[in-house]
file data15.cif (mmCIF, C-alpha atoms)
data_query
#
loop_
_atom_site.label_atom_id
_atom_site.label_comp_id
_atom_site.auth_asym_id
_atom_site.auth_seq_id
_atom_site.Cartn_x
_atom_site.Cartn_y
_atom_site.Cartn_z
CA MET A 1 -66.72 -108.81 76.86
CA MET A 2 -68.97 -107.46 79.62
CA ARG A 3 -66.31 -104.90 80.53
CA LEU A 4 -66.31 -103.63 76.96
CA LEU A 5 -70.10 -103.48 76.84
CA LYS A 6 -70.26 -101.62 80.15
CA THR A 7 -67.68 -99.07 78.99
CA GLU A 8 -69.52 -98.41 75.73
CA TYR A 9 -72.85 -98.11 77.54
CA LEU A 10 -71.42 -95.55 79.97
CA LYS A 11 -70.25 -93.46 77.01
CA ILE A 12 -73.70 -93.23 75.41
CA ASN A 13 -75.95 -93.47 78.47
CA ARG A 14 -76.23 -89.70 78.92
CA TYR A 15 -75.39 -88.70 75.36
CA TRP A 16 -78.73 -87.10 74.45
CA ILE A 17 -77.86 -86.64 70.77
CA PHE A 18 -77.45 -90.41 70.42
CA TRP A 19 -80.83 -91.12 72.03
CA GLY A 20 -82.41 -88.33 69.99
CA MET A 21 -81.17 -89.92 66.77
CA VAL A 22 -82.42 -93.32 67.93
CA PHE A 23 -85.84 -91.78 68.55
CA ILE A 24 -85.85 -90.17 65.09
CA THR A 25 -84.88 -93.53 63.53
CA PHE A 26 -87.71 -95.33 65.31
CA ALA A 27 -90.20 -92.58 64.50
CA ALA A 28 -89.32 -92.64 60.79
CA ILE A 29 -89.63 -96.42 60.57
CA ALA A 30 -92.89 -96.50 62.53
CA THR A 31 -94.41 -93.75 60.39
CA ALA A 32 -93.61 -95.70 57.23
CA PHE A 33 -94.88 -98.98 58.65
CA TRP A 34 -98.17 -97.66 60.01
CA GLY A 35 -98.95 -95.39 57.07
CA ILE A 36 -97.98 -97.27 53.95
CA ASP A 37 -100.94 -99.68 53.93
CA SER A 38 -103.47 -96.85 53.78
CA ILE A 39 -101.50 -95.21 50.96
CA LEU A 40 -101.48 -98.47 48.99
CA ASN A 41 -105.23 -98.89 49.56
CA ASP A 42 -105.89 -95.37 48.26
CA ILE A 43 -103.88 -96.18 45.13
CA ARG A 44 -105.80 -99.43 44.72
CA ASN A 45 -109.19 -97.71 45.17
CA ASN A 46 -108.33 -95.16 42.49
CA ALA A 47 -107.15 -97.95 40.17
CA VAL A 48 -110.36 -99.92 40.72
CA LYS A 49 -112.46 -97.06 39.34
CA ASN A 50 -110.61 -97.16 36.01
CA SER A 51 -109.88 -100.87 35.74
CA PRO A 52 -112.02 -103.22 33.61
CA ILE A 53 -110.99 -106.15 35.79
CA PRO A 54 -111.49 -106.57 39.55
CA ILE A 55 -108.42 -105.75 41.62
CA PRO A 56 -108.19 -107.64 44.93
CA GLU A 57 -107.57 -105.80 48.17
CA VAL A 58 -104.08 -106.54 49.40
CA SER A 59 -102.82 -105.94 52.94
CA ILE A 60 -99.10 -105.86 53.60
CA TYR A 61 -99.75 -106.51 57.29
CA GLN A 62 -100.92 -110.11 57.24
CA PHE A 63 -98.81 -113.00 58.49
CA PRO A 64 -96.56 -114.41 57.15
CA GLY A 65 -95.99 -111.91 54.32
CA ILE A 66 -95.63 -109.02 56.75
CA TRP A 67 -92.04 -110.02 57.54
CA HIS A 68 -90.97 -109.75 53.91
CA ASN A 69 -92.93 -106.53 53.40
CA LEU A 70 -91.69 -104.64 56.48
CA THR A 71 -88.06 -105.70 56.20
CA TYR A 72 -88.05 -104.69 52.54
CA ILE A 73 -89.24 -101.20 53.54
CA ALA A 74 -86.86 -100.89 56.50
CA GLY A 75 -83.99 -102.24 54.40
CA SER A 76 -84.09 -99.39 51.90
CA ARG A 77 -81.12 -97.03 51.61
CA LEU A 78 -83.05 -94.25 53.33
CA PHE A 79 -83.88 -96.17 56.50
CA LEU A 80 -80.53 -97.98 56.71
CA LEU A 81 -78.89 -94.57 56.60
CA PHE A 82 -80.36 -93.65 60.02
CA PRO A 83 -78.46 -96.22 62.15
CA ALA A 84 -75.39 -95.69 59.97
CA LEU A 85 -75.36 -91.96 60.76
CA ILE A 86 -75.65 -92.79 64.45
CA MET A 87 -72.53 -94.96 64.17
CA VAL A 88 -70.63 -92.25 62.32
CA LEU A 89 -71.54 -89.71 65.01
CA LEU A 90 -70.38 -92.00 67.81
CA ILE A 91 -67.03 -92.97 66.31
CA THR A 92 -66.10 -89.48 65.06
CA ASN A 93 -66.92 -88.00 68.47
CA GLU A 94 -64.60 -90.53 70.07
CA ILE A 95 -61.86 -89.48 67.68
CA THR A 96 -62.50 -85.76 68.26
CA PHE A 97 -62.55 -86.03 72.06
CA ARG A 98 -59.66 -88.54 72.19
CA THR A 99 -61.79 -91.19 73.90
CA LEU A 100 -60.19 -93.95 71.82
CA ARG A 101 -56.74 -92.82 72.97
CA GLN A 102 -57.92 -92.74 76.59
CA ASN A 103 -59.19 -96.30 76.28
CA VAL A 104 -55.73 -97.46 75.19
CA ILE A 105 -54.10 -95.46 78.00
CA ASP A 106 -56.49 -97.11 80.46
CA GLY A 107 -55.28 -100.55 79.40
CA TYR A 108 -57.40 -101.54 76.39
CA SER A 109 -55.52 -103.27 73.59
CA ARG A 110 -56.09 -102.16 69.99
CA ASN A 111 -57.98 -105.39 69.37
CA GLU A 112 -60.25 -104.76 72.36
CA THR A 113 -60.89 -101.23 71.09
CA PHE A 114 -62.07 -102.63 67.76
CA VAL A 115 -64.20 -105.30 69.44
CA ALA A 116 -65.84 -102.59 71.55
CA LYS A 117 -66.77 -100.62 68.41
CA PHE A 118 -68.08 -103.75 66.69
CA LEU A 119 -70.22 -104.46 69.75
CA VAL A 120 -71.75 -101.00 69.30
CA VAL A 121 -72.52 -101.94 65.68
CA ILE A 122 -74.22 -105.11 66.90
CA GLY A 123 -76.07 -103.22 69.64
CA ILE A 124 -77.48 -100.64 67.22
CA SER A 125 -78.46 -103.41 64.79
CA VAL A 126 -80.23 -105.39 67.53
CA MET A 127 -82.20 -102.31 68.62
CA VAL A 128 -83.38 -101.49 65.10
CA THR A 129 -84.19 -105.12 64.26
CA ALA A 130 -86.09 -105.59 67.52
CA PHE A 131 -88.11 -102.46 66.79
CA VAL A 132 -89.01 -103.76 63.32
CA PHE A 133 -89.94 -107.16 64.77
CA ILE A 134 -92.16 -105.67 67.51
CA ASN A 135 -93.96 -103.47 64.99
CA GLY A 136 -94.42 -106.50 62.76
CA LEU A 137 -95.98 -108.50 65.59
CA ILE A 138 -98.39 -105.70 66.54
CA LEU A 139 -99.48 -104.96 62.97
CA GLY A 140 -99.70 -108.64 62.15
CA PHE A 141 -101.94 -109.43 65.11
CA LEU A 142 -104.17 -106.47 64.28
CA HIS A 143 -104.66 -107.35 60.60
CA SER A 144 -104.14 -111.10 60.12
CA PRO A 145 -107.15 -113.45 59.90
CA SER A 146 -105.02 -116.21 61.44
CA THR A 147 -102.37 -115.81 64.12
CA GLU A 148 -101.35 -119.43 64.51
CA TRP A 149 -97.68 -119.98 65.22
CA LYS A 150 -97.05 -121.59 61.83
CA TYR A 151 -98.18 -118.37 60.12
CA LEU A 152 -96.57 -116.05 62.64
CA LEU A 153 -93.11 -117.61 62.46
CA SER A 154 -93.10 -118.42 58.76
CA LYS A 155 -90.80 -116.10 56.78
CA THR A 156 -89.18 -114.64 59.93
CA GLY A 157 -85.91 -115.43 58.16
CA PHE A 158 -86.37 -112.06 56.49
CA VAL A 159 -85.95 -110.46 59.94
CA LEU A 160 -82.55 -112.15 60.30
CA ALA A 161 -81.63 -111.00 56.80
CA PHE A 162 -82.61 -107.45 57.77
CA PHE A 163 -80.39 -107.71 60.87
CA LEU A 164 -77.48 -108.60 58.58
CA GLU A 165 -78.31 -105.61 56.36
CA VAL A 166 -78.13 -103.26 59.35
CA VAL A 167 -74.89 -104.82 60.61
CA ALA A 168 -73.31 -104.54 57.15
CA PHE A 169 -74.43 -100.95 56.54
CA THR A 170 -73.44 -99.82 60.04
CA SER A 171 -70.05 -101.56 59.68
CA PHE A 172 -69.58 -99.54 56.48
CA ALA A 173 -70.40 -96.40 58.48
CA LEU A 174 -67.85 -97.34 61.16
CA MET A 175 -65.18 -97.67 58.46
CA ILE A 176 -66.10 -94.30 56.91
CA GLY A 177 -66.04 -92.62 60.32
CA LEU A 178 -62.55 -93.97 61.06
CA LEU A 179 -61.26 -92.99 57.63
CA VAL A 180 -62.68 -89.44 57.50
CA LYS A 181 -62.60 -88.67 61.27
CA LYS A 182 -64.61 -85.42 61.14
CA SER A 183 -68.30 -86.00 61.85
CA ILE A 184 -69.85 -83.60 59.29
CA PHE A 185 -67.52 -84.71 56.49
CA ALA A 186 -67.95 -88.39 57.38
CA MET A 187 -71.75 -88.08 57.37
CA GLY A 188 -71.54 -86.30 54.01
CA VAL A 189 -69.31 -88.98 52.50
CA LEU A 190 -71.59 -91.72 53.81
CA ALA A 191 -74.76 -90.10 52.50
CA ILE A 192 -73.29 -89.17 49.10
CA TRP A 193 -71.84 -92.62 48.51
CA ALA A 194 -74.92 -94.52 49.69
CA VAL A 195 -77.61 -92.37 48.07
CA ILE A 196 -75.89 -90.92 44.98
CA ALA A 197 -72.55 -92.50 43.99
CA ASP A 198 -73.33 -96.18 44.54
CA PRO A 199 -76.69 -96.07 42.67
CA ILE A 200 -75.16 -94.16 39.73
CA ILE A 201 -72.21 -96.54 39.39
CA THR A 202 -74.53 -99.54 39.80
CA HIS A 203 -76.81 -98.21 37.05
CA TYR A 204 -74.02 -98.29 34.47
CA LEU A 205 -72.72 -101.73 35.43
CA GLY A 206 -73.81 -104.97 33.82
CA ASP A 207 -76.36 -107.08 35.66
CA TRP A 208 -73.76 -109.59 36.81
CA TYR A 209 -71.51 -106.89 38.33
CA LYS A 210 -74.30 -105.02 40.12
CA GLN A 211 -74.62 -107.69 42.78
CA PHE A 212 -71.06 -107.00 43.93
CA MET A 213 -71.43 -103.25 44.57
CA PRO A 214 -71.21 -102.85 48.37
CA ILE A 215 -74.29 -100.76 49.17
CA ASN A 216 -76.36 -102.21 46.36
CA SER A 217 -75.65 -105.75 47.53
CA ILE A 218 -76.72 -104.83 51.07
CA THR A 219 -79.91 -102.98 50.14
CA THR A 220 -81.03 -105.64 47.66
CA LEU A 221 -80.48 -108.62 49.94
CA ILE A 222 -84.24 -108.47 50.57
CA GLU A 223 -85.94 -108.00 47.21
CA LEU A 224 -89.37 -106.55 46.36
CA PRO A 225 -92.13 -108.73 47.90
CA ASN A 226 -94.21 -110.91 45.58
CA SER A 227 -97.88 -109.96 46.13
CA ILE A 228 -101.11 -111.33 44.66
CA LEU A 229 -101.55 -108.06 42.77
CA MET A 230 -98.17 -108.38 41.08
CA LYS A 231 -98.85 -111.99 40.14
CA MET A 232 -102.09 -110.84 38.44
CA PHE A 233 -100.04 -108.68 36.09
CA GLY A 234 -97.49 -111.40 35.43
CA MET A 235 -94.75 -109.95 37.64
CA GLN A 236 -92.70 -112.39 39.70
CA PHE A 237 -90.15 -111.65 42.41
CA LYS A 238 -88.08 -113.89 44.65
CA GLU A 239 -89.77 -114.89 47.90
CA PHE A 240 -86.55 -116.05 49.55
CA ILE A 241 -82.97 -114.95 50.22
CA GLU A 242 -80.42 -116.15 47.68
CA LEU A 243 -77.40 -117.86 49.26
CA THR A 244 -75.11 -116.03 46.83
CA ASP A 245 -76.51 -112.64 47.90
CA LEU A 246 -76.11 -113.61 51.55
CA LEU A 247 -72.48 -114.58 51.07
CA ILE A 248 -71.71 -111.34 49.22
CA VAL A 249 -73.12 -109.23 52.07
CA LEU A 250 -71.21 -111.31 54.64
CA ALA A 251 -68.03 -110.82 52.60
CA TRP A 252 -68.48 -107.03 52.45
CA THR A 253 -69.23 -106.93 56.18
CA THR A 254 -65.97 -108.76 56.81
CA VAL A 255 -64.07 -106.37 54.53
CA PHE A 256 -65.50 -103.26 56.21
CA ASN A 257 -64.62 -104.52 59.69
CA ALA A 258 -61.18 -105.74 58.61
CA ILE A 259 -60.39 -102.23 57.32
CA SER A 260 -61.70 -100.68 60.56
CA TRP A 261 -59.56 -103.08 62.60
CA TYR A 262 -56.48 -102.24 60.50
CA ILE A 263 -57.03 -98.49 60.91
CA LEU A 264 -57.28 -98.85 64.67
CA LYS A 265 -54.22 -101.12 64.64
CA ILE A 266 -51.86 -98.71 62.84
CA ARG A 267 -53.23 -95.24 63.57
CA ASN A 268 -51.74 -92.97 66.21
CA LEU A 269 -54.84 -92.54 68.37
#

call {"tool": "encode", "arguments": {"input": "data15.cif", "output": "structure tokens"}}
result
Amino acid sequence: MMRLLKTEYLKINRYWIFWGMVFITFAAIATAFWGIDSILNDIRNNAVKNSPIPIPEVSIYQFPGIWHNLTYIAGSRLFLLFPALIMVLLITNEITFRTLRQNVIDGYSRNETFVAKFLVVIGISVMVTAFVFINGLILGFLHSPSTEWKYLLSKTGFVLAFFLEVVAFTSFALMIGLLVKKSIFAMGVLAIWAVIADPIITHYLGDWYKQFMPINSITTLIELPNSILMKMFGMQFKEFIELTDLLIVLAWTTVFNAISWYILKIRNL
């Protein structure tokens, strides 16, 4: 395992495009996290002027609700696309420059080659999840009236759910990269399917079928947070992760990686 990790790290250590894309991913997420509260407050202030009833001030940064709020934002199609594109770039470059073939020549089995790629998926997911968690801690400590452990750790299950979202989406990207092979085309297929095709197909499906669409099931694992403001207007959303939704995402993650393993098993690298 350590040998595989070391090999993968050596491949990306001096790959500046990879680190540049990681920086862009972190910058995009941080910009959304640190700016959205002020945008929501501006909307609230404008609504207060025209509302006959008082509208309470709501902060998305207070513990424990911050974990649901931030992971919902970071778990959108747009932000999940960033780590997925990184994975596509890495795997298609390995195909283009015959690195996968060299690994096999150097003594890696096909199974070890797949495990190495899945470890990259996990590594990218850990980095993104850790970044979200660190931002959540900082913003929570800055804005929460109470920072007791029971408030801080409550609802951190949403962070684990977000980690699964990133793993699932990035596993999908690994599969697309192996299928398409060319980086530009693979990125295009990934973006078109995730942002255009999947939402359109999902829109025309019945409510029961929507939960089984691959990208839709991943991006809706964490649903819209239930705030005091929404409750005032009679709107209710789930404040937990449904076991059924969790199992569907785990199933798709397994399918994506099984296909990737099969491609690596039978393809002439």

call {"tool": "residues_around", "arguments": {"input": "data15.cif", "residues": "Ala74 in chain A", "least_positions_apart": "5", "cutoff": "8 Å", "atoms": "only C-alpha atoms", "output": "PDB file with C-alpha atoms, keeping the file's coordinate frame"}}
result
ATOM      1  CA  ILE A  29     -89.630 -96.420  60.570  1.00  0.00           C
ATOM      2  CA  PHE A  79     -83.880 -96.170  56.500  1.00  0.00           C
ATOM      3  CA  LEU A  80     -80.530 -97.980  56.710  1.00  0.00           C
ATOM      4  CA  VAL A 132     -89.010-103.760  63.320  1.00  0.00           C
ATOM      5  CA  PHE A 162     -82.610-107.450  57.770  1.00  0.00           C
TER       6      PHE A 162
END

call {"tool": "resolve_selection", "arguments": {"input": "data15.cif", "expression": "the PyMOL selection byres ((chain A and resi 198) around 12)", "output": "list in words"}}
result
Arg77, Val189, Leu190, Ala191, Ile192, Trp193, Ala194, Val195, Ile196, Ala197, Pro199, Ile200, Ile201, Thr202, His203, Tyr204, Leu205, Lys210, Gln211, Phe212, Met213, Pro214, Ile215, Asn216, Ser217, Ile218 and Thr219 of chain A

call {"tool": "residues_around", "arguments": {"input": "data15.cif", "residues": "Gly123 in chain A", "least_positions_apart": "4", "cutoff": "10 Å", "atoms": "only C-alpha atoms", "output": "PyMOL selection string"}}
result
chain A and resi 5+9+117-119+127-129+167

call {"tool": "closest_residue", "arguments": {"input": "data15.cif", "among": "A:Trp261, A:Tyr209, A:Phe169, A:Trp34", "to": "Val249 in chain A", "atoms": "all atoms listed in the file"}}
result
A:Phe169

call {"tool": "atom_distance", "arguments": {"input": "data15.cif", "atom1": "CA of Ile176 in chain A", "atom2": "CA of Leu224 in chain A"}}
result
28.3 Å

call {"tool": "closest_residue", "arguments": {"input": "data15.cif", "among": "A:Leu4, A:Leu142, A:Ile24, A:Ala258", "to": "Phe82 in chain A", "atoms": "only C-alpha atoms"}}
result
A:Ile24
